[in-house]
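*Asks:* Have a look at this one before I ask anything.
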Amino acid sequence: VRKYAILKQVPSGDLEDDLDKLDLDRQIYQYDPSHLVKINEISIDEAIKYFITTIEQCLIMSQSNNISTTNTNCPDLSSFKMKSLPSVSYYALINRIQKKCEFEPIIFLQSIYILQVLMISHGDNDNIQLKTNLEEYHIHRLIIALVRISCKLLQDKQYSHEYFSKVCGITKRLLTKLEMSLMIAVRDNELMARNRDLLNAVETVTKLQNMNSHN
């Protein structure tokens, strides 16, 4: 899945040159052991809280119409939109997924990273805006896709397609559709987050809270 994710991001042109560029970009990164230590200090409850907070802050920004007018790469969220809000809250959905699957914190941190890649635009002076509007009708299916893709990126052993779809209360066909829709929506971005990227994603959650509290 990781190789697939990288290849999905390769722009049209000379494939060998593009892959060489990807390898070069990765070689620039200098590993910092302190990043791993900080990541390992985040508990599962904290990771889930960061995940929920990211969703909440994106919804607040949508309600205040804090949408970037300069971003030309708006993600298509139509595949995630439900016709009506389910009776189960997205808080309950996240808790159910964790109860049935017992994921490590890294899964939800990776989900936060992908969600921010999908939704958040960083402008001049670290100005944060949304790339497109996010509605509550999108949240449940988006959560399912984010967690599932994060698992496939980070874990060697996976819960079966059938089991995970039952946990989430959807069909196997819909689960496949949501996975593919998310991959397409973030296809021009790096999906595999380094430890530094995960820490930056957590810091962005705090920035979102501070920014929205002053609005």
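Identifiers in this document derive from the order of the structure tokens: chains are assigned A, B, ..., residues are numbered from 1 separately in each chain, and ligands are numbered from 1 in order of occurrence.
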Set out as JSON lines a contact list for region 40-99 of chain A and region 145-151 of chain A with a cut-off of 10 Å, giving each residue of region 40-99 of chain A that qualifies its closest atom pair and distance in Å to one decimal, counting only C-alpha atoms, ordered by chain and rising residue number.

*Replies:*
{"residue": "A:Phe80", "atom": "CA", "partner": "A:Ala145", "partner_atom": "CA", "distance": 8.9}
{"residue": "A:Ile94", "atom": "CA", "partner": "A:Val147", "partner_atom": "CA", "distance": 9.3}
{"residue": "A:Ile97", "atom": "CA", "partner": "A:Val147", "partner_atom": "CA", "distance": 8.9}

*Asks:* As a ChimeraX atom specification, please: the residues near Ile52 (chain A) (cut-off 9 Å, only C-alpha atoms, same-chain neighbours under 2 positions excluded).

*Replies:* /A:47-50,54-57,90-91,94,112

*Asks:* Save the residues we just selected, N, CA, C and O atoms, as an mmCIF file, in the first residue's frame?

*Replies:*
data_model
loop_
_atom_site.group_PDB
_atom_site.id
_atom_site.type_symbol
_atom_site.label_atom_id
_atom_site.label_comp_id
_atom_site.auth_asym_id
_atom_site.auth_seq_id
_atom_site.Cartn_x
_atom_site.Cartn_y
_atom_site.Cartn_z
ATOM 1 N N ALA A 47 -4.436 10.458 21.724
ATOM 2 C CA ALA A 47 -4.473 10.401 20.266
ATOM 3 C C ALA A 47 -5.909 10.528 19.751
ATOM 4 O O ALA A 47 -6.170 11.261 18.790
ATOM 5 N N ILE A 48 -6.836 9.825 20.398
ATOM 6 C CA ILE A 48 -8.242 9.912 19.999
ATOM 7 C C ILE A 48 -8.782 11.317 20.246
ATOM 8 O O ILE A 48 -9.529 11.868 19.429
ATOM 9 N N LYS A 49 -8.372 11.922 21.368
ATOM 10 C CA LYS A 49 -8.811 13.287 21.677
ATOM 11 C C LYS A 49 -8.305 14.262 20.610
ATOM 12 O O LYS A 49 -9.058 15.139 20.154
ATOM 13 N N TYR A 50 -7.057 14.130 20.193
ATOM 14 C CA TYR A 50 -6.511 14.982 19.133
ATOM 15 C C TYR A 50 -7.290 14.791 17.833
ATOM 16 O O TYR A 50 -7.557 15.758 17.105
ATOM 17 N N THR A 54 -9.484 17.702 16.036
ATOM 18 C CA THR A 54 -9.217 18.128 14.659
ATOM 19 C C THR A 54 -10.515 18.201 13.861
ATOM 20 O O THR A 54 -10.768 19.172 13.139
ATOM 21 N N ILE A 55 -11.349 17.181 14.010
ATOM 22 C CA ILE A 55 -12.644 17.163 13.327
ATOM 23 C C ILE A 55 -13.504 18.340 13.784
ATOM 24 O O ILE A 55 -14.088 19.065 12.965
ATOM 25 N N GLU A 56 -13.570 18.541 15.086
ATOM 26 C CA GLU A 56 -14.390 19.625 15.641
ATOM 27 C C GLU A 56 -13.936 20.985 15.136
ATOM 28 O O GLU A 56 -14.758 21.834 14.767
ATOM 29 N N GLN A 57 -12.621 21.205 15.117
ATOM 30 C CA GLN A 57 -12.096 22.499 14.691
ATOM 31 C C GLN A 57 -12.330 22.740 13.201
ATOM 32 O O GLN A 57 -12.586 23.870 12.779
ATOM 33 N N TYR A 90 -20.346 10.645 15.805
ATOM 34 C CA TYR A 90 -19.006 10.251 15.350
ATOM 35 C C TYR A 90 -18.079 9.974 16.527
ATOM 36 O O TYR A 90 -17.109 9.224 16.406
ATOM 37 N N TYR A 91 -18.377 10.538 17.691
ATOM 38 C CA TYR A 91 -17.630 10.184 18.898
ATOM 39 C C TYR A 91 -17.823 8.694 19.202
ATOM 40 O O TYR A 91 -16.867 7.963 19.491
ATOM 41 N N ILE A 94 -15.975 6.407 16.680
ATOM 42 C CA ILE A 94 -14.544 6.290 16.958
ATOM 43 C C ILE A 94 -14.303 5.357 18.144
ATOM 44 O O ILE A 94 -13.415 4.494 18.108
ATOM 45 N N ILE A 112 -5.023 11.723 11.806
ATOM 46 C CA ILE A 112 -5.006 13.183 11.962
ATOM 47 C C ILE A 112 -4.183 13.811 10.857
ATOM 48 O O ILE A 112 -4.590 14.805 10.233
#

*Asks:* Under the rule of at most 6 Å, produce a per-residue listing of region 66-100 of chain A near region 125-142 of chain A: chain, number, name, the closest pair of atoms, and the distance in Å, as CSV, using only C-alpha atoms.

*Replies:*
residue,atom,partner,partner_atom,distance
A:Asn66,CA,A:Gln129,CA,5.8
A:Ile67,CA,A:Leu130,CA,4.7
A:Ser68,CA,A:Gln129,CA,5.4
A:Cys74,CA,A:Lys131,CA,5.5
A:Phe80,CA,A:His138,CA,5.0
A:Lys81,CA,A:His138,CA,4.4
A:Met82,CA,A:Tyr137,CA,5.2
A:Leu85,CA,A:Tyr137,CA,5.9
A:Tyr90,CA,A:His140,CA,5.7

*Asks:* Considering only C-alpha atoms, state which residue in the set A:Asp188, A:Asn40, A:Met183, A:Leu109 is at the smallest distance from Leu77 (chain A).

*Replies:*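 The closest residue to Leu77 (chain A) is A:Met183.
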
*Asks:* Could you give me the residues within region 41-183 of chain A that DSSP places in strand (DSSP E), as a list in words?

*Replies:*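 Output for region 41-183 of chain A, strand (DSSP E) only: Ile120, Ser121, His122, Ile128, Gln129 and Leu130 of chain A.
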
*Asks:* Could you save the residues just selected, with C-alpha atoms, as a PDB file, in the first residue's frame?

*Replies:*
ATOM      1  CA  ILE A 120      -6.038  22.227   5.777  1.00  0.00           C
ATOM      2  CA  SER A 121      -4.173  24.870   3.802  1.00  0.00           C
ATOM      3  CA  HIS A 122      -1.187  26.638   5.377  1.00  0.00           C
ATOM      4  CA  ILE A 128      -4.520  28.229   8.506  1.00  0.00           C
ATOM      5  CA  GLN A 129      -7.612  27.822   6.332  1.00  0.00           C
ATOM      6  CA  LEU A 130      -9.684  24.960   4.990  1.00  0.00           C
TER       7      LEU A 130
END

*Asks:* Which residue is closest to Leu178 (chain A)? Choose from A:Val205, A:Ile60, A:Ile144, A:Asp76 and count only C-alpha atoms.

*Replies:*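 Counting only C-alpha atoms, the residue closest to Leu178 (chain A) is A:Ile144.
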